[in-house]
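Following: one structure in structure tokens, then a few remarks.
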There are 2 protein chains.
Amino acid sequence: MKKDFSAPTMKDVAREAGVALGTVSKVVNGLPVGDSYRIRVEAAIRKLNYQVNSYAQGLKANRTYTVALLIPNTIDPFYASLTYYINVALMKKRYRMLLCATDYDPRQEQEYVMMAQQNKVDGIIGLTYNPHLIVDENTPFVAIDRSMGPKIPCVACDNFAGGQIAAEKLADLGCKHAAFLRSGSALSNEPNKRKAGFEAGCLSRGLSYEMKILNDGDPIEEFEHFISEHIQDGKLSFDGIFCVTDRLAYHVLHILHRFQIRVPEDVQLIGFDGIRTFGSMDYHCSTIVQPVPDMAEMCVDLLLRENTMAKPPLVCLPVTYAYGGTTLEEDIHADR
Amino acid sequence: MKKDFSAPTMKDVAREAGVALGTVSKVVNGLPVGDSYRIRVEAAIRKLNYQVNSYAQGLKANRTYTVALLIPNTIDPFYASLTYYINVALMKKRYRMLLCATDYDPRQEQEYVMMAQQNKVDGIIGLTYNPHLIVDENTPFVAIDRSMGPKIPCVACDNFAGGQIAAEKLADLGCKHAAFLRSGSALSNEPNKRKAGFEAGCLSRGLSYEMKILNDGDPIEEFEHFISEHIQDGKLSFDGIFCVTDRLAYHVLHILHRFQIRVPEDVQLIGFDGIRTFGSMDYHCSTIVQPVPDMAEMCVDLLLRENTMAKPPLVCLPVTYAYGGTTLEEDIHADR
């Protein structure tokens with residue numbers, strides 16, 4: 001018996017909802033779109049009983065159902081957490097994951113890119129700070145934290161907003177003069193926007209600040225020197241510190257302890273990443289939390305999405321502030 | 001030009017060294033063998049210029065050069081570290097690694113075992129507490145921390161020795177009465193030997209002890225209750241605690257802090273695993289360190305080893321004690 005109807009397509013949904021095809025696709029793929037559009041598209045999807053066929057989406061016809069993850073290691077808790085959530089997101093879609101702990105080795109990284117070009121893996125999700133990595137624009141690749149070209153989507157948390165939230169939080173918790181401490185790669189990357197966000201946040205709240213930016217060398221000693229230079233008669237000249245990572249905040253906590261500066265009474269401290277002890281217990285410090293599970297899902301969704309669709313060059317996912325004992329508690333400032 | 005010699009074989013090495021073929025193979029594969037044997041074999045290898053052909057070793061003829069790692073997750077720092085070092089060890093041998101974060105899901109685990117049986121992967125390294133996992137004895141499999149059958153090699157640290165070292169260390173640092181706290185799987189596994197080792201260590205040093213062993217439920221509250229029951233007039237009735245993991249030690253530190261019991265002045269505390277903050281910084285407590293890089297190398301070596309060789313059913317690798325601030329420092333007891 002021949003059916004007198006065929007399954008509804010994305011075009012049918014667009015017609016029914018009275019929106020552009022791209023809008024439907026954004027909703028289907030979970031990308032940001034205005035609420036009124038989303039509601040109309042979702043209603044049309046329900047009315048037509050449109051089925052998103054995720055297995056028909058994306059990648060090459062001759063599939064291996066295998067994706068490679070390039071990541072420096074799984075020792076660092078942020079990388080370890082990303083690895084776990086990307087693994088889970090891939091398995092949910094019935095994809096297997098090859099893990100490649102690169103230790104920043106450009107040879108290893110390039111080898112996996114070659115594998116993708118030879119169709120031995122369907123695509124790559126990569127967190128790489130290697131500026132020499134050559135990725136063909138036809139190789140399915142999703143980058144984390146560093147943009148690798150206009151046709152390669154990059155997924156990151158909203159690092160700018162994170163810096164801004166940190167500055168505003170310090171101001172709201174009563175800080176008058178703040179410091180920003182940064183070490184890390186000088187290579188252009190998304191986490192470097194934490195600095196600009198912090199500056200914008202200080203500006204918006206009228207909070208004065210100074211910065212210590214390091215890229216290489218023996219940074220902990222230099223931060224110790226910087227802090228010691230700002231102590232007079234046992235008092236620190238700033239009352240708020242934003243550290244570019246929780247790891248640096250951990251070092252700074254030890255330095256402040258050695259100088260007998262109390263946290264949060266004398267100086268409040270905010271880190272970045274949302275690292276927890278033993279992977280799942282307490283925060284090491286008050287911190288800006290990266291939405292790692294959402295970032296992982298987004299990487300997988302973008303990699304497996306239909307080729308024909310324009311992929312966004314940069315997706316920034318929202319961060320949140322979490323109290324972790326190194327700032328004053330919120331309820332003291334209930335007027336906020 | 002036809003060469004009038006062929007490449008030396010393992011048999012030639014055995015003949016030259018005057019030892020059994022199995023001894024040569026042990027040396028080549030890095031298994032324990034008496035020093036005098038090792039020296040003779042190594043000399044013969046040098047004399048004959050014998051080349052270990054690792055690519056000719058082990059596994060099936062129709063190779064994928066892919067190994068699956070089954071591990072609960074990469075969030076827990078011990079699992080994360082094992083994953084990293086196994087990945088590195090496999091890549092050194094030009095093998096790729098499929099990561100399968102199982103979340104203890106028996107269906108996922110069984111699926112990867114099926115893949116191995118269908119030759120889609122060459123073998124499996126698995127840390128699984130699933131008693132229902134069925135592994136065919138012909139499936140190349142190396143288990144971590146739990147024996148899965150006489151023909152499946154199991155790699156673990158020397159958990160018994162670790163417990164023993166902890167007890168002896170507490171005694172040597174002046175403890176008179178100790179406690180052992182344990183939570184975890186009731187399933188028979190290698191880490192459960194920490195308890196027997198601790199008891200043996202206490203016995204050998206004449207250290208009295210008591211135990212609190214929990215398998216399920218809400219253990220932290222129960223440990224808190226156990227400790228509170230042993231406080232009289234603000235004084236704890238034991239002066240040394242051995243916790244089965246660093247994670248439990250971390251909880252116990254917080255409990256002791258709440259009861260205003262000082263560590264290490266009032267009670268010394270030793271954990272197990274050797275977890276460091278941020279994966280590479282400070283130990284959370286004084287601890288028995290698992291040799292994770294060696295365990296990873298051993299798993300890979302055993303998996304890729306020649307089929308014809310008997311594989312040892314259990315390999316236990318040596319642990320070490322590390323000072324991490326929750327015991328008295330060694331130099332106070334220099335007489336040891």
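By order of appearance in the structure tokens: chains A, B, ..., then residues from 1 within every chain, and ligands from 1 in the order shown.
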
DSSP alpha helix (DSSP H) residues within range 154-274 of chain A, as a VMD selection string: chain A and resid 159 to 172 193 to 205 219 to 229 246 to 258

Could you turn the residues from that selection into a file that holds N, CA and C atoms, as a short mmCIF file (atom, residue, chain, number, x, y, z; two decimals), in the first residue's frame?
data_model
loop_
_atom_site.label_atom_id
_atom_site.label_comp_id
_atom_site.auth_asym_id
_atom_site.auth_seq_id
_atom_site.Cartn_x
_atom_site.Cartn_y
_atom_site.Cartn_z
N ASN A 159 34.33 33.18 28.03
CA ASN A 159 35.45 33.63 28.85
C ASN A 159 35.37 35.12 29.17
N PHE A 160 34.92 35.92 28.19
CA PHE A 160 34.79 37.35 28.42
C PHE A 160 33.80 37.61 29.56
N ALA A 161 32.61 37.00 29.44
CA ALA A 161 31.60 37.17 30.49
C ALA A 161 32.13 36.69 31.84
N GLY A 162 32.93 35.62 31.83
CA GLY A 162 33.49 35.09 33.07
C GLY A 162 34.37 36.12 33.76
N GLY A 163 35.23 36.78 32.99
CA GLY A 163 36.09 37.82 33.56
C GLY A 163 35.26 38.97 34.12
N GLN A 164 34.22 39.32 33.36
CA GLN A 164 33.35 40.41 33.76
C GLN A 164 32.61 40.07 35.07
N ILE A 165 32.07 38.86 35.13
CA ILE A 165 31.36 38.42 36.33
C ILE A 165 32.29 38.46 37.54
N ALA A 166 33.54 38.03 37.35
CA ALA A 166 34.51 38.02 38.46
C ALA A 166 34.72 39.44 38.98
N ALA A 167 34.92 40.40 38.07
CA ALA A 167 35.15 41.80 38.47
C ALA A 167 33.93 42.35 39.18
N GLU A 168 32.76 42.11 38.61
CA GLU A 168 31.53 42.65 39.20
C GLU A 168 31.26 42.03 40.57
N LYS A 169 31.55 40.74 40.68
CA LYS A 169 31.34 40.06 41.96
C LYS A 169 32.25 40.65 43.04
N LEU A 170 33.53 40.87 42.69
CA LEU A 170 34.45 41.46 43.66
C LEU A 170 33.95 42.84 44.08
N ALA A 171 33.51 43.64 43.10
CA ALA A 171 32.99 44.98 43.42
C ALA A 171 31.76 44.87 44.31
N ASP A 172 30.84 44.00 43.95
CA ASP A 172 29.61 43.85 44.73
C ASP A 172 29.87 43.34 46.14
N LYS A 193 40.44 35.99 26.69
CA LYS A 193 39.42 37.03 26.79
C LYS A 193 39.00 37.29 28.24
N ARG A 194 39.47 36.42 29.15
CA ARG A 194 39.13 36.64 30.56
C ARG A 194 39.64 38.00 31.03
N LYS A 195 40.81 38.38 30.51
CA LYS A 195 41.42 39.67 30.88
C LYS A 195 40.54 40.83 30.43
N ALA A 196 40.16 40.84 29.16
CA ALA A 196 39.34 41.94 28.63
C ALA A 196 38.00 42.01 29.36
N GLY A 197 37.42 40.85 29.67
CA GLY A 197 36.15 40.82 30.40
C GLY A 197 36.31 41.41 31.79
N PHE A 198 37.43 41.07 32.44
CA PHE A 198 37.69 41.60 33.78
C PHE A 198 37.81 43.13 33.72
N GLU A 199 38.53 43.63 32.74
CA GLU A 199 38.68 45.08 32.60
C GLU A 199 37.34 45.76 32.38
N ALA A 200 36.51 45.14 31.52
CA ALA A 200 35.19 45.71 31.25
C ALA A 200 34.35 45.72 32.52
N GLY A 201 34.43 44.64 33.30
CA GLY A 201 33.66 44.55 34.54
C GLY A 201 34.12 45.59 35.55
N CYS A 202 35.44 45.79 35.68
CA CYS A 202 35.97 46.81 36.59
C CYS A 202 35.48 48.19 36.18
N LEU A 203 35.52 48.43 34.88
CA LEU A 203 35.10 49.73 34.35
C LEU A 203 33.63 49.97 34.69
N SER A 204 32.79 48.98 34.46
CA SER A 204 31.35 49.16 34.66
C SER A 204 31.01 49.39 36.13
N ARG A 205 31.83 48.87 37.03
CA ARG A 205 31.55 49.05 38.46
C ARG A 205 32.44 50.13 39.10
N PRO A 219 56.70 31.46 36.72
CA PRO A 219 55.71 32.46 37.10
C PRO A 219 55.40 32.52 38.59
N ILE A 220 55.40 31.38 39.31
CA ILE A 220 54.95 31.44 40.71
C ILE A 220 55.82 32.39 41.52
N GLU A 221 57.14 32.29 41.32
CA GLU A 221 58.04 33.21 42.03
C GLU A 221 57.73 34.66 41.65
N GLU A 222 57.40 34.88 40.39
CA GLU A 222 57.12 36.25 39.98
C GLU A 222 55.83 36.78 40.61
N PHE A 223 54.84 35.91 40.75
CA PHE A 223 53.61 36.34 41.42
C PHE A 223 53.89 36.61 42.90
N GLU A 224 54.74 35.78 43.48
CA GLU A 224 55.10 35.99 44.88
C GLU A 224 55.77 37.36 45.03
N HIS A 225 56.67 37.66 44.12
CA HIS A 225 57.36 38.95 44.13
C HIS A 225 56.36 40.10 43.97
N PHE A 226 55.44 39.94 43.02
CA PHE A 226 54.42 40.97 42.76
C PHE A 226 53.60 41.25 44.03
N ILE A 227 53.18 40.15 44.69
CA ILE A 227 52.37 40.32 45.90
C ILE A 227 53.19 40.97 47.01
N SER A 228 54.44 40.52 47.19
CA SER A 228 55.28 41.08 48.25
C SER A 228 55.50 42.58 48.04
N GLU A 229 55.59 42.98 46.78
CA GLU A 229 55.78 44.41 46.46
C GLU A 229 54.56 45.25 46.84
N ASP A 246 41.87 28.32 38.45
CA ASP A 246 41.82 27.84 39.82
C ASP A 246 43.20 27.36 40.27
N ARG A 247 43.94 26.80 39.32
CA ARG A 247 45.28 26.31 39.63
C ARG A 247 46.17 27.45 40.11
N LEU A 248 46.12 28.60 39.41
CA LEU A 248 46.90 29.75 39.84
C LEU A 248 46.37 30.27 41.17
N ALA A 249 45.05 30.27 41.34
CA ALA A 249 44.46 30.73 42.60
C ALA A 249 44.97 29.88 43.77
N TYR A 250 45.12 28.59 43.52
CA TYR A 250 45.63 27.67 44.55
C TYR A 250 47.04 28.08 44.97
N HIS A 251 47.89 28.38 43.97
CA HIS A 251 49.25 28.86 44.27
C HIS A 251 49.18 30.17 45.06
N VAL A 252 48.33 31.10 44.61
CA VAL A 252 48.25 32.42 45.23
C VAL A 252 47.76 32.31 46.68
N LEU A 253 46.82 31.38 46.92
CA LEU A 253 46.36 31.14 48.30
C LEU A 253 47.54 30.77 49.20
N HIS A 254 48.42 29.91 48.71
CA HIS A 254 49.58 29.51 49.49
C HIS A 254 50.52 30.69 49.73
N ILE A 255 50.70 31.51 48.70
CA ILE A 255 51.58 32.68 48.83
C ILE A 255 51.00 33.63 49.89
N LEU A 256 49.70 33.90 49.79
CA LEU A 256 49.06 34.82 50.75
C LEU A 256 49.17 34.27 52.17
N HIS A 257 49.01 32.96 52.30
CA HIS A 257 49.12 32.31 53.60
C HIS A 257 50.52 32.55 54.19
N ARG A 258 51.54 32.41 53.32
CA ARG A 258 52.92 32.62 53.80
C ARG A 258 53.13 34.06 54.28
#

DSSP on the backbone: which residues in range 99-231 of chain B end up as strand (DSSP E or B)? Give the answer as a PyMOL selection string. chain B and resi 99-101+123-126+141-144+154-157+177-182+208-213+231

Since we have the selection now, will you write its residues out, keeping N, CA, C and O atoms, as an mmCIF file, in the first residue's frame?
data_model
loop_
_atom_site.group_PDB
_atom_site.id
_atom_site.type_symbol
_atom_site.label_atom_id
_atom_site.label_comp_id
_atom_site.auth_asym_id
_atom_site.auth_seq_id
_atom_site.Cartn_x
_atom_site.Cartn_y
_atom_site.Cartn_z
ATOM 1 N N LEU B 99 38.487 4.942 24.099
ATOM 2 C CA LEU B 99 38.129 5.137 25.503
ATOM 3 C C LEU B 99 36.655 4.815 25.685
ATOM 4 O O LEU B 99 35.812 5.295 24.919
ATOM 5 N N CYS B 100 36.357 4.019 26.679
ATOM 6 C CA CYS B 100 34.970 3.741 27.017
ATOM 7 C C CYS B 100 34.753 4.018 28.495
ATOM 8 O O CYS B 100 35.100 3.197 29.345
ATOM 9 N N ALA B 101 34.230 5.211 28.793
ATOM 10 C CA ALA B 101 33.865 5.546 30.175
ATOM 11 C C ALA B 101 32.561 4.825 30.475
ATOM 12 O O ALA B 101 31.519 5.164 29.933
ATOM 13 N N GLY B 123 42.224 -5.916 21.598
ATOM 14 C CA GLY B 123 42.195 -6.354 22.982
ATOM 15 C C GLY B 123 41.593 -5.281 23.862
ATOM 16 O O GLY B 123 41.299 -4.173 23.400
ATOM 17 N N ILE B 124 41.449 -5.625 25.120
ATOM 18 C CA ILE B 124 40.791 -4.734 26.080
ATOM 19 C C ILE B 124 41.623 -4.658 27.355
ATOM 20 O O ILE B 124 42.124 -5.671 27.849
ATOM 21 N N ILE B 125 41.765 -3.457 27.869
ATOM 22 C CA ILE B 125 42.266 -3.259 29.227
ATOM 23 C C ILE B 125 41.073 -2.731 30.014
ATOM 24 O O ILE B 125 40.439 -1.759 29.583
ATOM 25 N N GLY B 126 40.731 -3.394 31.109
ATOM 26 C CA GLY B 126 39.492 -3.005 31.760
ATOM 27 C C GLY B 126 39.586 -2.903 33.264
ATOM 28 O O GLY B 126 40.115 -3.795 33.926
ATOM 29 N N PHE B 141 42.533 -9.726 27.058
ATOM 30 C CA PHE B 141 41.974 -8.863 28.100
ATOM 31 C C PHE B 141 42.983 -8.770 29.234
ATOM 32 O O PHE B 141 43.535 -9.790 29.646
ATOM 33 N N VAL B 142 43.224 -7.565 29.716
ATOM 34 C CA VAL B 142 44.003 -7.384 30.933
ATOM 35 C C VAL B 142 43.125 -6.625 31.911
ATOM 36 O O VAL B 142 42.560 -5.579 31.565
ATOM 37 N N ALA B 143 42.963 -7.174 33.086
ATOM 38 C CA ALA B 143 42.117 -6.557 34.101
ATOM 39 C C ALA B 143 42.970 -5.721 35.047
ATOM 40 O O ALA B 143 44.128 -6.044 35.311
ATOM 41 N N ILE B 144 42.393 -4.654 35.542
ATOM 42 C CA ILE B 144 43.059 -3.832 36.550
ATOM 43 C C ILE B 144 42.289 -3.982 37.855
ATOM 44 O O ILE B 144 41.060 -3.880 37.858
ATOM 45 N N CYS B 154 45.772 -9.949 35.702
ATOM 46 C CA CYS B 154 45.284 -8.812 36.478
ATOM 47 C C CYS B 154 46.477 -7.991 36.949
ATOM 48 O O CYS B 154 47.451 -8.541 37.467
ATOM 49 N N VAL B 155 46.413 -6.687 36.758
ATOM 50 C CA VAL B 155 47.471 -5.778 37.189
ATOM 51 C C VAL B 155 46.927 -4.908 38.316
ATOM 52 O O VAL B 155 45.825 -4.368 38.218
ATOM 53 N N ALA B 156 47.693 -4.800 39.367
ATOM 54 C CA ALA B 156 47.302 -3.949 40.499
ATOM 55 C C ALA B 156 48.575 -3.451 41.159
ATOM 56 O O ALA B 156 49.667 -3.934 40.867
ATOM 57 N N CYS B 157 48.431 -2.493 42.059
ATOM 58 C CA CYS B 157 49.577 -2.178 42.899
ATOM 59 C C CYS B 157 49.608 -3.221 44.014
ATOM 60 O O CYS B 157 48.660 -4.000 44.178
ATOM 61 N N HIS B 177 47.769 3.376 69.221
ATOM 62 C CA HIS B 177 46.496 2.696 68.957
ATOM 63 C C HIS B 177 45.919 3.271 67.655
ATOM 64 O O HIS B 177 45.719 4.483 67.544
ATOM 65 N N ALA B 178 45.678 2.405 66.678
ATOM 66 C CA ALA B 178 45.316 2.886 65.342
ATOM 67 C C ALA B 178 43.902 2.472 64.956
ATOM 68 O O ALA B 178 43.288 1.616 65.596
ATOM 69 N N ALA B 179 43.391 3.119 63.903
ATOM 70 C CA ALA B 179 42.083 2.738 63.353
ATOM 71 C C ALA B 179 42.212 2.600 61.841
ATOM 72 O O ALA B 179 42.977 3.332 61.208
ATOM 73 N N PHE B 180 41.455 1.659 61.300
ATOM 74 C CA PHE B 180 41.396 1.501 59.845
ATOM 75 C C PHE B 180 39.974 1.796 59.403
ATOM 76 O O PHE B 180 39.013 1.229 59.940
ATOM 77 N N LEU B 181 39.825 2.721 58.455
ATOM 78 C CA LEU B 181 38.496 3.094 57.956
ATOM 79 C C LEU B 181 38.391 2.704 56.489
ATOM 80 O O LEU B 181 39.256 3.039 55.679
ATOM 81 N N ARG B 182 37.321 2.011 56.153
ATOM 82 C CA ARG B 182 37.171 1.547 54.778
ATOM 83 C C ARG B 182 35.737 1.706 54.294
ATOM 84 O O ARG B 182 34.787 1.371 54.994
ATOM 85 N N SER B 208 48.089 -1.903 68.466
ATOM 86 C CA SER B 208 46.675 -2.289 68.588
ATOM 87 C C SER B 208 45.847 -1.439 67.630
ATOM 88 O O SER B 208 46.235 -0.334 67.258
ATOM 89 N N TYR B 209 44.697 -1.972 67.222
ATOM 90 C CA TYR B 209 43.910 -1.257 66.216
ATOM 91 C C TYR B 209 42.454 -1.664 66.307
ATOM 92 O O TYR B 209 42.099 -2.686 66.874
ATOM 93 N N GLU B 210 41.607 -0.791 65.723
ATOM 94 C CA GLU B 210 40.213 -1.177 65.498
ATOM 95 C C GLU B 210 39.835 -0.783 64.076
ATOM 96 O O GLU B 210 40.579 -0.082 63.395
ATOM 97 N N MET B 211 38.663 -1.276 63.629
ATOM 98 C CA MET B 211 38.307 -1.090 62.228
ATOM 99 C C MET B 211 36.870 -0.608 62.107
ATOM 100 O O MET B 211 36.017 -0.964 62.920
ATOM 101 N N LYS B 212 36.621 0.171 61.072
ATOM 102 C CA LYS B 212 35.252 0.516 60.698
ATOM 103 C C LYS B 212 35.154 0.255 59.192
ATOM 104 O O LYS B 212 35.737 0.975 58.378
ATOM 105 N N ILE B 213 34.446 -0.806 58.847
ATOM 106 C CA ILE B 213 34.357 -1.251 57.457
ATOM 107 C C ILE B 213 32.944 -1.024 56.949
ATOM 108 O O ILE B 213 31.986 -1.559 57.526
ATOM 109 N N ILE B 231 35.590 9.826 70.944
ATOM 110 C CA ILE B 231 36.114 11.045 71.563
ATOM 111 C C ILE B 231 35.583 11.123 72.996
ATOM 112 O O ILE B 231 34.379 11.010 73.223
#

Return as JSON lines the residues of chain B lying at most 10 Å from chain A, together with the closest atom-to-atom pair for each and the distance in Å to one decimal, counting only C-alpha atoms, with rows in chain order and ascending residue number.
{"residue": "B:Thr66", "atom": "CA", "partner": "A:Leu98", "partner_atom": "CA", "distance": 8.9}
{"residue": "B:Val67", "atom": "CA", "partner": "A:Leu98", "partner_atom": "CA", "distance": 9.5}
{"residue": "B:Ala68", "atom": "CA", "partner": "A:Leu98", "partner_atom": "CA", "distance": 8.9}
{"residue": "B:Leu69", "atom": "CA", "partner": "A:Leu99", "partner_atom": "CA", "distance": 9.8}
{"residue": "B:Pro72", "atom": "CA", "partner": "A:Tyr84", "partner_atom": "CA", "distance": 9.6}
{"residue": "B:Asn73", "atom": "CA", "partner": "A:Tyr84", "partner_atom": "CA", "distance": 6.1}
{"residue": "B:Thr74", "atom": "CA", "partner": "A:Tyr84", "partner_atom": "CA", "distance": 5.4}
{"residue": "B:Ile75", "atom": "CA", "partner": "A:Gly279", "partner_atom": "CA", "distance": 5.1}
{"residue": "B:Asp76", "atom": "CA", "partner": "A:Gly279", "partner_atom": "CA", "distance": 5.3}
{"residue": "B:Pro77", "atom": "CA", "partner": "A:Phe278", "partner_atom": "CA", "distance": 5.9}
{"residue": "B:Phe78", "atom": "CA", "partner": "A:Phe278", "partner_atom": "CA", "distance": 8.7}
{"residue": "B:Tyr79", "atom": "CA", "partner": "A:Thr74", "partner_atom": "CA", "distance": 9.2}
{"residue": "B:Ala80", "atom": "CA", "partner": "A:Thr74", "partner_atom": "CA", "distance": 5.5}
{"residue": "B:Ser81", "atom": "CA", "partner": "A:Ile75", "partner_atom": "CA", "distance": 5.4}
{"residue": "B:Leu82", "atom": "CA", "partner": "A:Ile75", "partner_atom": "CA", "distance": 8.9}
{"residue": "B:Thr83", "atom": "CA", "partner": "A:Thr74", "partner_atom": "CA", "distance": 7.0}
{"residue": "B:Tyr84", "atom": "CA", "partner": "A:Thr74", "partner_atom": "CA", "distance": 5.4}
{"residue": "B:Tyr85", "atom": "CA", "partner": "A:Thr74", "partner_atom": "CA", "distance": 8.9}
{"residue": "B:Ile86", "atom": "CA", "partner": "A:Ala101", "partner_atom": "CA", "distance": 10.0}
{"residue": "B:Asn87", "atom": "CA", "partner": "A:Ala101", "partner_atom": "CA", "distance": 6.7}
{"residue": "B:Val88", "atom": "CA", "partner": "A:Ala101", "partner_atom": "CA", "distance": 6.9}
{"residue": "B:Met91", "atom": "CA", "partner": "A:Cys100", "partner_atom": "CA", "distance": 8.2}
{"residue": "B:Arg96", "atom": "CA", "partner": "A:Leu98", "partner_atom": "CA", "distance": 6.8}
{"residue": "B:Met97", "atom": "CA", "partner": "A:Leu98", "partner_atom": "CA", "distance": 5.5}
{"residue": "B:Leu98", "atom": "CA", "partner": "A:Leu98", "partner_atom": "CA", "distance": 4.4}
{"residue": "B:Leu99", "atom": "CA", "partner": "A:Met97", "partner_atom": "CA", "distance": 5.8}
{"residue": "B:Cys100", "atom": "CA", "partner": "A:Asn87", "partner_atom": "CA", "distance": 7.1}
{"residue": "B:Ala101", "atom": "CA", "partner": "A:Asn87", "partner_atom": "CA", "distance": 6.7}
{"residue": "B:Thr102", "atom": "CA", "partner": "A:Val88", "partner_atom": "CA", "distance": 8.7}
{"residue": "B:Asp103", "atom": "CA", "partner": "A:Val88", "partner_atom": "CA", "distance": 9.2}
{"residue": "B:Gln108", "atom": "CA", "partner": "A:Met91", "partner_atom": "CA", "distance": 9.1}
{"residue": "B:Asp246", "atom": "CA", "partner": "A:Phe278", "partner_atom": "CA", "distance": 8.9}
{"residue": "B:Arg247", "atom": "CA", "partner": "A:Phe278", "partner_atom": "CA", "distance": 6.8}
{"residue": "B:Tyr250", "atom": "CA", "partner": "A:Thr277", "partner_atom": "CA", "distance": 9.2}
{"residue": "B:His251", "atom": "CA", "partner": "A:Met281", "partner_atom": "CA", "distance": 9.7}
{"residue": "B:Ile275", "atom": "CA", "partner": "A:Phe278", "partner_atom": "CA", "distance": 8.0}
{"residue": "B:Arg276", "atom": "CA", "partner": "A:Phe278", "partner_atom": "CA", "distance": 8.8}
{"residue": "B:Thr277", "atom": "CA", "partner": "A:Thr277", "partner_atom": "CA", "distance": 6.8}
{"residue": "B:Phe278", "atom": "CA", "partner": "A:Asp76", "partner_atom": "CA", "distance": 5.9}
{"residue": "B:Gly279", "atom": "CA", "partner": "A:Ile75", "partner_atom": "CA", "distance": 5.1}
{"residue": "B:Ser280", "atom": "CA", "partner": "A:Ile75", "partner_atom": "CA", "distance": 7.4}
{"residue": "B:Met281", "atom": "CA", "partner": "A:Arg247", "partner_atom": "CA", "distance": 9.2}
{"residue": "B:His284", "atom": "CA", "partner": "A:Thr277", "partner_atom": "CA", "distance": 9.2}

Between CA of Val13 in chain A and CA of Ser36 in chain A lies a distance of 15.2 Å

task: Would you mind listing what lies within 8 Å of Thr23 in chain A as a ChimeraX atom specification, with only C-alpha atoms counted and same-chain residues fewer than 4 positions away left out?
output: /A:14,19,27,33,37
